[in-house]
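Trainee: Provided herewith: my_file14.json, JSON, C-alpha atoms and all ligand atoms.
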```json
[["chain", "number", "residue", "atom", "x", "y", "z"],
["E", 1, "MET", "CA", -10.27, 57.62, -33.93],
["E", 2, "THR", "CA", -7.26, 55.38, -33.30],
["E", 3, "LYS", "CA", -8.08, 52.19, -31.38],
["E", 4, "ILE", "CA", -5.24, 49.71, -31.04],
["E", 5, "LEU", "CA", -5.14, 45.97, -30.40],
["E", 6, "ILE", "CA", -1.85, 44.32, -29.38],
["E", 7, "THR", "CA", -1.62, 40.53, -29.64],
["E", 8, "GLY", "CA", 1.06, 38.75, -27.61],
["E", 9, "ALA", "CA", 1.03, 41.85, -25.41],
["E", 10, "LEU", "CA", 2.51, 40.18, -22.32],
["E", 11, "GLY", "CA", 5.77, 39.21, -24.03],
["E", 12, "GLN", "CA", 9.09, 41.03, -23.89],
["E", 13, "ILE", "CA", 8.31, 43.53, -26.66],
["E", 14, "GLY", "CA", 4.55, 43.63, -25.99],
["E", 15, "THR", "CA", 4.89, 44.99, -22.45],
["E", 16, "ALA", "CA", 7.24, 47.80, -23.52],
["E", 17, "LEU", "CA", 5.12, 48.59, -26.57],
["E", 18, "THR", "CA", 1.95, 48.77, -24.44],
["E", 19, "THR", "CA", 3.55, 51.41, -22.20],
["E", 20, "ALA", "CA", 4.73, 53.43, -25.22],
["E", 21, "LEU", "CA", 1.35, 53.26, -26.96],
["E", 22, "ASN", "CA", -0.48, 54.16, -23.71],
["E", 23, "ASN", "CA", 1.67, 57.29, -23.49],
["E", 24, "LYS", "CA", 0.98, 58.16, -27.10],
["E", 25, "TYR", "CA", -2.72, 57.31, -27.50],
["E", 26, "GLY", "CA", -4.08, 56.95, -23.93],
["E", 27, "VAL", "CA", -4.65, 53.73, -22.01],
["E", 28, "GLN", "CA", -8.34, 53.62, -23.00],
["E", 29, "ASN", "CA", -7.35, 53.36, -26.68],
["E", 30, "VAL", "CA", -4.92, 50.44, -26.29],
["E", 31, "ILE", "CA", -6.53, 47.00, -25.93],
["E", 32, "ILE", "CA", -4.16, 44.19, -25.04],
["E", 33, "SER", "CA", -4.46, 40.43, -25.53],
["E", 34, "ASP", "CA", -2.41, 37.35, -24.82],
["E", 35, "ILE", "CA", -2.91, 33.64, -24.24],
["E", 36, "LYS", "CA", -2.53, 34.02, -20.45],
["E", 37, "GLU", "CA", -5.54, 33.86, -18.08],
["E", 38, "ASP", "CA", -6.88, 36.85, -16.11],
["E", 39, "PHE", "CA", -4.10, 39.36, -16.40],
["E", 40, "LYS", "CA", -4.52, 42.49, -14.26],
["E", 41, "SER", "CA", -3.63, 45.62, -16.18],
["E", 42, "ASP", "CA", -4.65, 49.25, -16.60],
["E", 43, "ASN", "CA", -5.39, 48.36, -20.21],
["E", 44, "LYS", "CA", -8.49, 46.39, -21.16],
["E", 45, "TYR", "CA", -7.26, 42.80, -21.40],
["E", 46, "TYR", "CA", -8.58, 39.87, -23.45],
["E", 47, "LYS", "CA", -7.37, 36.32, -23.08],
["E", 48, "LEU", "CA", -7.03, 35.41, -26.74],
["E", 49, "ASN", "CA", -5.71, 32.37, -28.58],
["E", 50, "ILE", "CA", -4.67, 33.88, -31.89],
["E", 51, "LEU", "CA", -5.99, 30.77, -33.67],
["E", 52, "ASP", "CA", -9.51, 31.56, -32.42],
["E", 53, "LYS", "CA", -10.66, 33.68, -35.35],
["E", 54, "THR", "CA", -14.23, 34.08, -34.04],
["E", 55, "GLU", "CA", -13.02, 35.61, -30.77],
["E", 56, "LEU", "CA", -10.49, 37.79, -32.60],
["E", 57, "GLU", "CA", -13.25, 39.10, -34.88],
["E", 58, "ARG", "CA", -15.53, 39.75, -31.90],
["E", 59, "ILE", "CA", -12.80, 41.89, -30.25],
["E", 60, "ILE", "CA", -12.11, 43.82, -33.48],
["E", 61, "ILE", "CA", -15.82, 44.62, -33.91],
["E", 62, "GLU", "CA", -16.72, 45.33, -30.28],
["E", 63, "GLU", "CA", -13.66, 47.47, -29.62],
["E", 64, "LYS", "CA", -13.79, 49.20, -33.04],
["E", 65, "ILE", "CA", -10.12, 48.38, -33.61],
["E", 66, "THR", "CA", -8.32, 50.41, -36.31],
["E", 67, "ILE", "CA", -4.68, 49.34, -35.84],
["E", 68, "ILE", "CA", -3.21, 45.96, -34.81],
["E", 69, "TYR", "CA", 0.29, 45.25, -33.53],
["E", 70, "HIS", "CA", 0.45, 41.50, -34.07],
["E", 71, "LEU", "CA", 3.20, 40.19, -31.78],
["E", 72, "ALA", "CA", 1.81, 36.74, -30.87],
["E", 73, "ALA", "CA", 4.32, 34.17, -32.15],
["E", 74, "LEU", "CA", 6.65, 31.35, -31.17],
["E", 75, "LEU", "CA", 10.36, 32.31, -31.42],
["E", 76, "SER", "CA", 13.30, 30.45, -32.92],
["E", 77, "ALA", "CA", 14.39, 28.08, -30.15],
["E", 78, "THR", "CA", 10.87, 27.08, -29.06],
["E", 79, "GLY", "CA", 9.93, 26.79, -32.73],
["E", 80, "GLU", "CA", 12.70, 24.25, -33.36],
["E", 81, "LYS", "CA", 11.41, 22.12, -30.48],
["E", 82, "ASN", "CA", 7.89, 22.12, -31.94],
["E", 83, "PRO", "CA", 8.00, 23.12, -35.63],
["E", 84, "ILE", "CA", 4.37, 22.22, -36.44],
["E", 85, "LEU", "CA", 3.03, 24.30, -33.56],
["E", 86, "CYS", "CA", 5.34, 27.12, -34.67],
["E", 87, "TRP", "CA", 3.90, 26.98, -38.20],
["E", 88, "ASP", "CA", 0.36, 26.81, -36.87],
["E", 89, "ILE", "CA", 0.60, 29.79, -34.49],
["E", 90, "ASN", "CA", 2.83, 31.97, -36.63],
["E", 91, "MET", "CA", 1.15, 31.35, -39.99],
["E", 92, "ASN", "CA", -2.51, 30.69, -39.16],
["E", 93, "GLY", "CA", -2.45, 33.41, -36.51],
["E", 94, "THR", "CA", -1.07, 35.85, -39.10],
["E", 95, "LEU", "CA", -3.64, 34.79, -41.70],
["E", 96, "ASN", "CA", -6.45, 35.41, -39.20],
["E", 97, "ILE", "CA", -5.12, 38.92, -38.57],
["E", 98, "LEU", "CA", -4.68, 39.72, -42.28],
["E", 99, "ASP", "CA", -8.02, 38.31, -43.37],
["E", 100, "LEU", "CA", -10.00, 40.14, -40.64],
["E", 101, "SER", "CA", -8.04, 43.35, -41.24],
["E", 102, "VAL", "CA", -9.19, 43.35, -44.86],
["E", 103, "LYS", "CA", -12.76, 42.36, -43.94],
["E", 104, "HIS", "CA", -13.08, 45.14, -41.34],
["E", 105, "LYS", "CA", -11.04, 47.68, -43.33],
["E", 106, "LEU", "CA", -8.39, 48.29, -40.66],
["E", 107, "PHE", "CA", -6.16, 51.30, -41.16],
["E", 108, "ARG", "CA", -2.72, 49.81, -40.48],
["E", 109, "ILE", "CA", -1.06, 46.60, -39.20],
["E", 110, "PHE", "CA", 2.35, 46.04, -37.60],
["E", 111, "MET", "CA", 3.77, 42.53, -37.96],
["E", 112, "PRO", "CA", 7.34, 41.94, -36.80],
["E", 113, "SER", "CA", 9.76, 39.92, -38.85],
["E", 114, "SER", "CA", 13.21, 38.83, -37.64],
["E", 115, "ILE", "CA", 16.86, 38.32, -38.55],
["E", 116, "ALA", "CA", 15.75, 34.65, -38.64],
["E", 117, "VAL", "CA", 14.57, 35.19, -42.24],
["E", 118, "TRP", "CA", 18.17, 34.55, -43.28],
["E", 119, "GLY", "CA", 20.01, 31.26, -43.47],
["E", 120, "GLN", "CA", 22.00, 29.91, -46.36],
["E", 121, "GLY", "CA", 23.62, 31.90, -49.14],
["E", 122, "ILE", "CA", 24.09, 35.33, -47.54],
["E", 123, "ASN", "CA", 26.96, 37.64, -46.71],
["E", 124, "ARG", "CA", 26.95, 37.38, -42.92],
["E", 125, "ASP", "CA", 28.57, 40.78, -42.58],
["E", 126, "ASN", "CA", 26.35, 43.72, -43.34],
["E", 127, "THR", "CA", 23.61, 41.51, -44.83],
["E", 128, "GLU", "CA", 21.75, 43.48, -47.50],
["E", 129, "GLN", "CA", 18.06, 44.43, -47.38],
["E", 130, "ASP", "CA", 17.10, 42.49, -50.48],
["E", 131, "SER", "CA", 19.36, 39.45, -50.11],
["E", 132, "VAL", "CA", 18.31, 35.82, -50.59],
["E", 133, "LEU", "CA", 16.00, 34.41, -47.87],
["E", 134, "LYS", "CA", 16.73, 30.74, -47.18],
["E", 135, "PRO", "CA", 16.06, 30.23, -43.46],
["E", 136, "THR", "CA", 17.04, 27.02, -41.69],
["E", 137, "THR", "CA", 14.55, 27.22, -38.80],
["E", 138, "MET", "CA", 10.76, 26.86, -38.84],
["E", 139, "TYR", "CA", 10.54, 30.27, -37.13],
["E", 140, "GLY", "CA", 12.54, 31.73, -40.04],
["E", 141, "VAL", "CA", 10.32, 29.95, -42.56],
["E", 142, "THR", "CA", 7.22, 31.52, -40.97],
["E", 143, "LYS", "CA", 8.84, 34.95, -40.93],
["E", 144, "VAL", "CA", 9.74, 34.78, -44.63],
["E", 145, "ALA", "CA", 6.23, 33.55, -45.46],
["E", 146, "GLY", "CA", 4.79, 36.36, -43.28],
["E", 147, "GLU", "CA", 6.77, 38.97, -45.21],
["E", 148, "VAL", "CA", 5.65, 37.53, -48.56],
["E", 149, "LEU", "CA", 2.02, 37.39, -47.38],
["E", 150, "ALA", "CA", 2.23, 41.00, -46.20],
["E", 151, "ASN", "CA", 3.40, 42.13, -49.64],
["E", 152, "TYR", "CA", 0.60, 40.08, -51.23],
["E", 153, "TYR", "CA", -2.05, 41.71, -48.99],
["E", 154, "PHE", "CA", -0.58, 45.15, -49.68],
["E", 155, "ASP", "CA", -0.71, 44.65, -53.48],
["E", 156, "LYS", "CA", -4.01, 42.80, -53.66],
["E", 157, "TYR", "CA", -6.06, 44.53, -50.93],
["E", 158, "GLN", "CA", -4.03, 47.72, -50.28],
["E", 159, "LEU", "CA", -3.74, 46.63, -46.63],
["E", 160, "ASP", "CA", -1.08, 48.86, -45.06],
["E", 161, "ILE", "CA", 1.14, 46.31, -43.29],
["E", 162, "ARG", "CA", 4.51, 47.29, -41.87],
["E", 163, "GLY", "CA", 7.24, 45.32, -40.20],
["E", 164, "ILE", "CA", 10.83, 45.22, -39.04],
["E", 165, "ARG", "CA", 13.32, 42.37, -39.04],
["E", 166, "TYR", "CA", 13.98, 42.60, -35.32],
["E", 167, "PRO", "CA", 17.47, 41.67, -34.14],
["E", 168, "GLY", "CA", 17.93, 40.32, -30.58],
["E", 169, "ILE", "CA", 16.14, 42.74, -28.25],
["E", 170, "ILE", "CA", 17.61, 43.52, -24.83],
["E", 171, "SER", "CA", 15.45, 44.86, -22.02],
["E", 172, "SER", "CA", 15.01, 44.81, -18.26],
["E", 173, "GLU", "CA", 11.22, 44.84, -17.85],
["E", 174, "THR", "CA", 10.00, 41.47, -19.14],
["E", 175, "LEU", "CA", 12.20, 38.46, -19.91],
["E", 176, "PRO", "CA", 12.27, 37.19, -23.48],
["E", 177, "GLY", "CA", 11.14, 33.61, -24.01],
["E", 178, "GLY", "CA", 12.21, 30.94, -26.45],
["E", 179, "GLY", "CA", 14.67, 32.90, -28.57],
["E", 180, "THR", "CA", 18.29, 32.29, -29.60],
["E", 181, "THR", "CA", 19.35, 35.82, -28.66],
["E", 182, "ASP", "CA", 17.91, 35.46, -25.11],
["E", 183, "TYR", "CA", 21.40, 34.91, -23.65],
["E", 184, "ALA", "CA", 22.04, 38.65, -23.99],
["E", 185, "VAL", "CA", 19.29, 39.34, -21.42],
["E", 186, "GLU", "CA", 19.81, 36.31, -19.13],
["E", 187, "ILE", "CA", 23.48, 37.24, -18.73],
["E", 188, "PHE", "CA", 22.59, 40.47, -16.88],
["E", 189, "TYR", "CA", 20.31, 38.70, -14.37],
["E", 190, "GLU", "CA", 22.95, 36.04, -13.68],
["E", 191, "ALA", "CA", 25.79, 38.56, -13.48],
["E", 192, "LEU", "CA", 23.91, 40.54, -10.83],
["E", 193, "LYS", "CA", 22.57, 37.50, -8.94],
["E", 194, "HIS", "CA", 25.44, 34.99, -9.07],
["E", 195, "LYS", "CA", 28.40, 36.85, -10.66],
["E", 196, "LYS", "CA", 28.65, 34.08, -13.24],
["E", 197, "TYR", "CA", 26.86, 32.88, -16.37],
["E", 198, "GLU", "CA", 27.07, 29.78, -18.56],
["E", 199, "CYS", "CA", 26.35, 30.91, -22.10],
["E", 200, "PHE", "CA", 24.56, 28.59, -24.55],
["E", 201, "LEU", "CA", 26.38, 30.21, -27.49],
["E", 202, "SER", "CA", 30.13, 30.17, -28.13],
["E", 203, "GLU", "CA", 32.25, 33.18, -27.13],
["E", 204, "ASP", "CA", 32.73, 34.46, -30.68],
["E", 205, "THR", "CA", 29.09, 34.25, -31.91],
["E", 206, "MET", "CA", 28.44, 37.71, -33.29],
["E", 207, "LEU", "CA", 24.74, 38.67, -33.68],
["E", 208, "PRO", "CA", 22.81, 41.89, -34.36],
["E", 209, "MET", "CA", 21.22, 43.27, -31.15],
["E", 210, "MET", "CA", 19.25, 46.32, -30.03],
["E", 211, "TYR", "CA", 18.15, 47.93, -26.77],
["E", 212, "MET", "CA", 14.38, 47.99, -26.17],
["E", 213, "GLU", "CA", 14.09, 51.78, -26.28],
["E", 214, "ASP", "CA", 15.53, 51.74, -29.82],
["E", 215, "CYS", "CA", 13.23, 48.83, -30.75],
["E", 216, "ILE", "CA", 10.12, 50.74, -29.62],
["E", 217, "LYS", "CA", 11.32, 53.90, -31.34],
["E", 218, "ALA", "CA", 11.85, 51.96, -34.59],
["E", 219, "THR", "CA", 8.40, 50.39, -34.32],
["E", 220, "LEU", "CA", 6.57, 53.67, -33.69],
["E", 221, "ASP", "CA", 8.61, 55.63, -36.26],
["E", 222, "LEU", "CA", 7.88, 53.06, -38.97],
["E", 223, "MET", "CA", 4.16, 53.07, -38.10],
["E", 224, "ASP", "CA", 4.09, 56.88, -38.38],
["E", 225, "ALA", "CA", 5.96, 57.08, -41.69],
["E", 226, "PRO", "CA", 3.96, 58.43, -44.66],
["E", 227, "VAL", "CA", 3.01, 55.45, -46.83],
["E", 228, "GLU", "CA", 4.20, 57.20, -50.00],
["E", 229, "ASN", "CA", 7.79, 57.24, -48.61],
["E", 230, "LEU", "CA", 7.90, 53.48, -48.22],
["E", 231, "VAL", "CA", 9.40, 51.27, -50.90],
["E", 232, "HIS", "CA", 9.53, 48.31, -48.51],
["E", 233, "HIS", "CA", 6.71, 47.33, -46.18],
["E", 234, "ALA", "CA", 6.91, 44.40, -43.76],
["E", 235, "ASP", "CA", 10.58, 43.50, -44.18],
["E", 236, "PHE", "CA", 12.80, 46.37, -43.05],
["E", 237, "ASN", "CA", 16.36, 45.63, -41.98],
["E", 238, "VAL", "CA", 16.94, 47.64, -38.80],
["E", 239, "ALA", "CA", 20.33, 47.54, -37.11],
["E", 240, "ALA", "CA", 21.80, 49.02, -33.97],
["E", 241, "ILE", "CA", 24.81, 47.10, -32.59],
["E", 242, "SER", "CA", 26.47, 43.72, -33.08],
["E", 243, "PHE", "CA", 28.49, 41.94, -30.42],
["E", 244, "THR", "CA", 29.65, 38.52, -29.23],
["E", 245, "PRO", "CA", 29.04, 36.95, -25.79],
["E", 246, "LYS", "CA", 32.73, 37.60, -25.04],
["E", 247, "THR", "CA", 32.51, 41.33, -25.81],
["E", 248, "LEU", "CA", 29.31, 41.64, -23.78],
["E", 249, "ALA", "CA", 30.92, 39.83, -20.84],
["E", 250, "GLU", "CA", 33.92, 42.20, -21.00],
["E", 251, "GLU", "CA", 31.59, 45.20, -20.91],
["E", 252, "ILE", "CA", 29.68, 43.74, -17.92],
["E", 253, "LYS", "CA", 32.99, 43.18, -16.10],
["E", 254, "LYS", "CA", 33.60, 46.93, -16.19],
["E", 255, "HIS", "CA", 30.62, 47.20, -13.78],
["E", 256, "ILE", "CA", 30.93, 43.83, -11.97],
["E", 257, "PRO", "CA", 34.66, 42.95, -11.96],
["E", 258, "GLU", "CA", 34.11, 39.50, -10.33],
["E", 259, "PHE", "CA", 31.80, 38.39, -13.17],
["E", 260, "GLU", "CA", 32.87, 35.15, -14.90],
["E", 261, "ILE", "CA", 31.46, 33.68, -18.09],
["E", 262, "THR", "CA", 31.76, 30.07, -19.33],
["E", 263, "TYR", "CA", 30.52, 28.62, -22.62],
["E", 264, "ASN", "CA", 28.49, 25.48, -23.24],
["E", 265, "PRO", "CA", 26.95, 25.80, -26.72],
["E", 266, "ASP", "CA", 23.74, 23.79, -27.28],
["E", 267, "TYR", "CA", 21.26, 23.36, -30.18],
["E", 268, "ARG", "CA", 20.85, 27.14, -30.39],
["E", 269, "GLN", "CA", 24.43, 27.53, -31.66],
["E", 270, "LYS", "CA", 23.40, 26.12, -35.04],
["E", 271, "ILE", "CA", 20.54, 28.60, -35.25],
["E", 272, "ALA", "CA", 22.82, 31.54, -34.36],
["E", 273, "ASP", "CA", 25.43, 30.40, -36.90],
["E", 274, "SER", "CA", 22.82, 30.60, -39.68],
["E", 275, "TRP", "CA", 22.02, 34.28, -38.94],
["E", 276, "PRO", "CA", 23.86, 37.46, -39.98],
["E", 277, "LYS", "CA", 26.59, 38.98, -37.86],
["E", 278, "SER", "CA", 25.52, 42.48, -38.82],
["E", 279, "ILE", "CA", 22.92, 43.95, -41.18],
["E", 280, "ASP", "CA", 22.71, 46.82, -43.62],
["E", 281, "ASP", "CA", 19.74, 49.01, -42.69],
["E", 282, "SER", "CA", 20.25, 51.84, -45.18],
["E", 283, "SER", "CA", 16.72, 51.41, -46.62],
["E", 284, "ALA", "CA", 15.15, 52.06, -43.19],
["E", 285, "ARG", "CA", 17.48, 55.02, -42.66],
["E", 286, "LYS", "CA", 16.50, 56.43, -46.06],
["E", 287, "GLU", "CA", 12.76, 55.62, -46.20],
["E", 288, "TRP", "CA", 11.76, 56.64, -42.64],
["E", 289, "ASN", "CA", 14.88, 58.21, -41.10],
["E", 290, "TRP", "CA", 15.72, 55.36, -38.76],
["E", 291, "ASN", "CA", 18.62, 55.83, -36.38],
["E", 292, "HIS", "CA", 19.53, 54.19, -33.09],
["E", 293, "SER", "CA", 20.90, 55.71, -29.92],
["E", 294, "TYR", "CA", 22.15, 52.84, -27.72],
["E", 295, "ASP", "CA", 25.67, 51.46, -28.20],
["E", 296, "LEU", "CA", 27.08, 48.55, -26.17],
["E", 297, "ALA", "CA", 28.44, 50.72, -23.34],
["E", 298, "LYS", "CA", 25.18, 52.65, -22.89],
["E", 299, "LEU", "CA", 23.06, 49.49, -23.15],
["E", 300, "THR", "CA", 25.16, 47.65, -20.53],
["E", 301, "ALA", "CA", 25.18, 50.55, -18.07],
["E", 302, "THR", "CA", 21.41, 51.01, -18.47],
["E", 303, "MET", "CA", 20.62, 47.30, -18.01],
["E", 304, "ILE", "CA", 22.74, 47.04, -14.87],
["E", 305, "ASN", "CA", 21.27, 50.19, -13.44],
["E", 306, "ASN", "CA", 17.67, 49.09, -14.15],
["E", 307, "LEU", "CA", 18.16, 45.56, -12.84],
["E", 308, "LYS", "CA", 20.28, 46.10, -9.76],
["E", 309, "ASN", "CA", 17.34, 46.78, -7.44],
["E", 310, "LYS", "CA", 15.01, 44.34, -9.15],
["E", 311, "VAL", "CA", 17.27, 41.27, -9.02],
["C", 401, "LIG", "C1", 14.97, 34.88, -31.49],
["C", 401, "LIG", "O1", 16.11, 34.77, -31.02],
["C", 401, "LIG", "O2", 14.30, 33.94, -31.91],
["C", 401, "LIG", "C2", 14.38, 36.26, -31.59],
["C", 401, "LIG", "C3", 14.61, 36.84, -32.94],
["C", 401, "LIG", "C4", 15.96, 37.28, -33.32],
["C", 401, "LIG", "O3", 13.70, 36.96, -33.71],
["C", 401, "LIG", "N1", 14.93, 37.10, -30.58]]
```
Written as structure tokens, how would this file's structure read?
Ligand code: AKB

Mentor:
Amino acid sequence: MTKILITGALGQIGTALTTALNNKYGVQNVIISDIKEDFKSDNKYYKLNILDKTELERIIIEEKITIIYHLAALLSATGEKNPILCWDINMNGTLNILDLSVKHKLFRIFMPSSIAVWGQGINRDNTEQDSVLKPTTMYGVTKVAGEVLANYYFDKYQLDIRGIRYPGIISSETLPGGGTTDYAVEIFYEALKHKKYECFLSEDTMLPMMYMEDCIKATLDLMDAPVENLVHHADFNVAAISFTPKTLAEEIKKHIPEFEITYNPDYRQKIADSWPKSIDDSSARKEWNWNHSYDLAKLTATMINNLKNKV
């Protein structure tokens, strides 16, 4: 029987993934955990510090977990403010998951990677699947190391680990926290609330992005793919759309004509400049039939529609 544990479940992707997995497997089969205290949810909730291996093992045993979606991590901007903490949570947390998954013979693990794996020495346009990985952030360093570790655990212990290099994810349910691509969510809240937004990236900073529904679809499709079809494992390039703050602002103006954007780039500009503008995801399309359905116009209309009553 499938019994799922999600770590970092209260984050931007975790909340959407919980809903999708509840619909697919039933709420009683999806156990959620996060560092926050006493969260009220229809799912069984554990307050879990991912560095607490004893508690993690207790949950895996008591709940008879078979699949883990390991989302607990610090993102790029927060990671640059506290690189040692970023290493500790992202690497030691991941090692705890991998080690216990082997020990308790778990069926499958999902571990997200990120476009942050790239840095120096790449083609920024249409960055290839198997291009050089020289990140310039600690978050990127942990994501590269996570991918390498995943391949090691797959080869040495036949642990079935899968992962996607997530681009910036845009959604209306839960705010992202601590990322460089977060502007692309904040902008919608500010456009609806105040009709203006000061962007922390420059107007022409092009980055790969994706709407949450596509992100969840990619995650579930990869987890369902037959293992024999996969050449890659925890490091899939997955693309949807690429845009700049200026293009996004122009699209928002079609719905909110008074909207004004200004630019005041901060330390996150350097991070964004080290990442690809667009990525080549032909391996994902070939190995597990990935395709996306949200373009910029559909994403913008959906975000504004979802947020207009909430904000
Ligand atoms: C971030 O900006 O740090 C994340 C990511 C691209 O992994 N959204």

Trainee: How many Å lie between CA of Asn96 (chain E) and CA of Asp52 (chain E), rounded to one decimal?

Mentor: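 Value for the CA of Asn96 (chain E)-CA of Asp52 (chain E) distance: 8.4 Å.
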
Trainee: State, in Å with one decimal place, the distance from CA of Arg285 (chain E) to CA of Val238 (chain E).

Mentor: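 A separation of 8.3 Å between them.
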
Trainee: Check which residues fall inside 10 Å of ligand LIG 401 (chain C) when counting all atoms listed in the file, and print them as a PDB file with C-alpha atoms, in the frame of the given file.

Mentor:
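Output (part.pdb):
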```pdb
ATOM      1  CA  GLN E  12       9.090  41.030 -23.890  1.00  0.00           C
ATOM      2  CA  ALA E  73       4.320  34.170 -32.150  1.00  0.00           C
ATOM      3  CA  LEU E  74       6.650  31.350 -31.170  1.00  0.00           C
ATOM      4  CA  LEU E  75      10.360  32.310 -31.420  1.00  0.00           C
ATOM      5  CA  SER E  76      13.300  30.450 -32.920  1.00  0.00           C
ATOM      6  CA  ALA E  77      14.390  28.080 -30.150  1.00  0.00           C
ATOM      7  CA  THR E  78      10.870  27.080 -29.060  1.00  0.00           C
ATOM      8  CA  GLY E  79       9.930  26.790 -32.730  1.00  0.00           C
ATOM      9  CA  GLU E  80      12.700  24.250 -33.360  1.00  0.00           C
ATOM     10  CA  PRO E 112       7.340  41.940 -36.800  1.00  0.00           C
ATOM     11  CA  SER E 113       9.760  39.920 -38.850  1.00  0.00           C
ATOM     12  CA  SER E 114      13.210  38.830 -37.640  1.00  0.00           C
ATOM     13  CA  ILE E 115      16.860  38.320 -38.550  1.00  0.00           C
ATOM     14  CA  ALA E 116      15.750  34.650 -38.640  1.00  0.00           C
ATOM     15  CA  VAL E 117      14.570  35.190 -42.240  1.00  0.00           C
ATOM     16  CA  THR E 137      14.550  27.220 -38.800  1.00  0.00           C
ATOM     17  CA  TYR E 139      10.540  30.270 -37.130  1.00  0.00           C
ATOM     18  CA  GLY E 140      12.540  31.730 -40.040  1.00  0.00           C
ATOM     19  CA  LYS E 143       8.840  34.950 -40.930  1.00  0.00           C
ATOM     20  CA  ARG E 165      13.320  42.370 -39.040  1.00  0.00           C
ATOM     21  CA  TYR E 166      13.980  42.600 -35.320  1.00  0.00           C
ATOM     22  CA  PRO E 167      17.470  41.670 -34.140  1.00  0.00           C
ATOM     23  CA  GLY E 168      17.930  40.320 -30.580  1.00  0.00           C
ATOM     24  CA  ILE E 169      16.140  42.740 -28.250  1.00  0.00           C
ATOM     25  CA  ILE E 170      17.610  43.520 -24.830  1.00  0.00           C
ATOM     26  CA  PRO E 176      12.270  37.190 -23.480  1.00  0.00           C
ATOM     27  CA  GLY E 177      11.140  33.610 -24.010  1.00  0.00           C
ATOM     28  CA  GLY E 178      12.210  30.940 -26.450  1.00  0.00           C
ATOM     29  CA  GLY E 179      14.670  32.900 -28.570  1.00  0.00           C
ATOM     30  CA  THR E 180      18.290  32.290 -29.600  1.00  0.00           C
ATOM     31  CA  THR E 181      19.350  35.820 -28.660  1.00  0.00           C
ATOM     32  CA  ASP E 182      17.910  35.460 -25.110  1.00  0.00           C
ATOM     33  CA  TYR E 183      21.400  34.910 -23.650  1.00  0.00           C
ATOM     34  CA  ALA E 184      22.040  38.650 -23.990  1.00  0.00           C
ATOM     35  CA  LEU E 207      24.740  38.670 -33.680  1.00  0.00           C
ATOM     36  CA  PRO E 208      22.810  41.890 -34.360  1.00  0.00           C
ATOM     37  CA  MET E 209      21.220  43.270 -31.150  1.00  0.00           C
ATOM     38  CA  ARG E 268      20.850  27.140 -30.390  1.00  0.00           C
ATOM     39  CA  ILE E 271      20.540  28.600 -35.250  1.00  0.00           C
ATOM     40  CA  ALA E 272      22.820  31.540 -34.360  1.00  0.00           C
ATOM     41  CA  TRP E 275      22.020  34.280 -38.940  1.00  0.00           C
TER      42      TRP E 275
END
```

Trainee: E:Leu230, E:Val30, E:Leu149, E:Leu106: which is nearest Thr15 (chain E), counting all atoms listed in the file?

Mentor: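 Once distances to Thr15 (chain E) are computed over all atoms listed in the file, the minimum belongs to E:Val30.
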
Trainee: Report, in Å to a single decimal, how far apart CA of Gly119 (chain E) and CA of Tyr267 (chain E) are.

Mentor: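 Atom-to-atom, CA of Tyr267 (chain E) to CA of Gly119 (chain E), that is 15.5 Å.
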
Trainee: Nearest to Ala239 (chain E) among E:Lys3, E:Lys253, E:Lys217, E:His292, with distances taken over only C-alpha atoms: which residue is it?

Mentor: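 For Ala239 (chain E), the nearest of the candidates is E:His292.
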
Trainee: With a distance cut-off of 9 Å and all atoms listed in the file, select the neighbouring residues of His232 (chain E), excluding the residue or stretch itself and same-chain residues fewer than 6 positions from it, and output the selection as a ChimeraX atom specification.

Mentor: /E:151,162,283-284,287

Trainee: Region 33-36 of chain E: which residues within 6 Å, counting only C-alpha atoms, same-chain residues fewer than 5 positions away excluded, as a list in words?

Mentor: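 The residues that qualify are Thr7, Gly8, Ala9, Tyr45, Tyr46, Lys47, Leu48 and Asn49 of chain E.
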
Trainee: If we count only C-alpha atoms, what is near region 302-304 of chain E at a cut-off of 8 Å, once residues fewer than 5 positions away on the same chain are taken out, given as an MDAnalysis selection string?

Mentor: chainID E and resid 171:172 188 192 255

Trainee: Compile the contact shell of Phe110 (chain E) as a PyMOL selection string: residues with an atom at most 10 Å away, counting only C-alpha atoms, same-chain residues fewer than 4 positions apart removed.

Mentor: chain E and resi 6+67-71+150+160-164+219-220+222-223+233-234

Trainee: Store the residues picked out above, limited to C-alpha atoms, as a compact mmCIF listing (two decimals), keeping the file's coordinate frame.

Mentor:
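Output contents, as saved in part-v9.txt:
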```txt
# COMPACT_ATOMS: atom_id res chain seq x y z
CA ILE E 6 -1.85 44.32 -29.38
CA ILE E 67 -4.68 49.34 -35.84
CA ILE E 68 -3.21 45.96 -34.81
CA TYR E 69 0.29 45.25 -33.53
CA HIS E 70 0.45 41.50 -34.07
CA LEU E 71 3.20 40.19 -31.78
CA ALA E 150 2.23 41.00 -46.20
CA ASP E 160 -1.08 48.86 -45.06
CA ILE E 161 1.14 46.31 -43.29
CA ARG E 162 4.51 47.29 -41.87
CA GLY E 163 7.24 45.32 -40.20
CA ILE E 164 10.83 45.22 -39.04
CA THR E 219 8.40 50.39 -34.32
CA LEU E 220 6.57 53.67 -33.69
CA LEU E 222 7.88 53.06 -38.97
CA MET E 223 4.16 53.07 -38.10
CA HIS E 233 6.71 47.33 -46.18
CA ALA E 234 6.91 44.40 -43.76
```

Trainee: For Asp281 (chain E), work out the shell of residues within 9 Å, counting all atoms listed in the file and skipping chain neighbours fewer than 6 positions away, then give it as a list in words.

Mentor: Asn126, Thr127, Glu128, Gln129, Phe236, Asn237, Val238, Ala239, Ala240 and Trp290 of chain E

Trainee: Pick the closest to Asp280 (chain E) from E:Leu299, E:Ile261, E:Ile241, E:Ile256: which is it, counting all atoms listed in the file?

Mentor: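 Under the stated criterion, the closest residue is E:Ile241.
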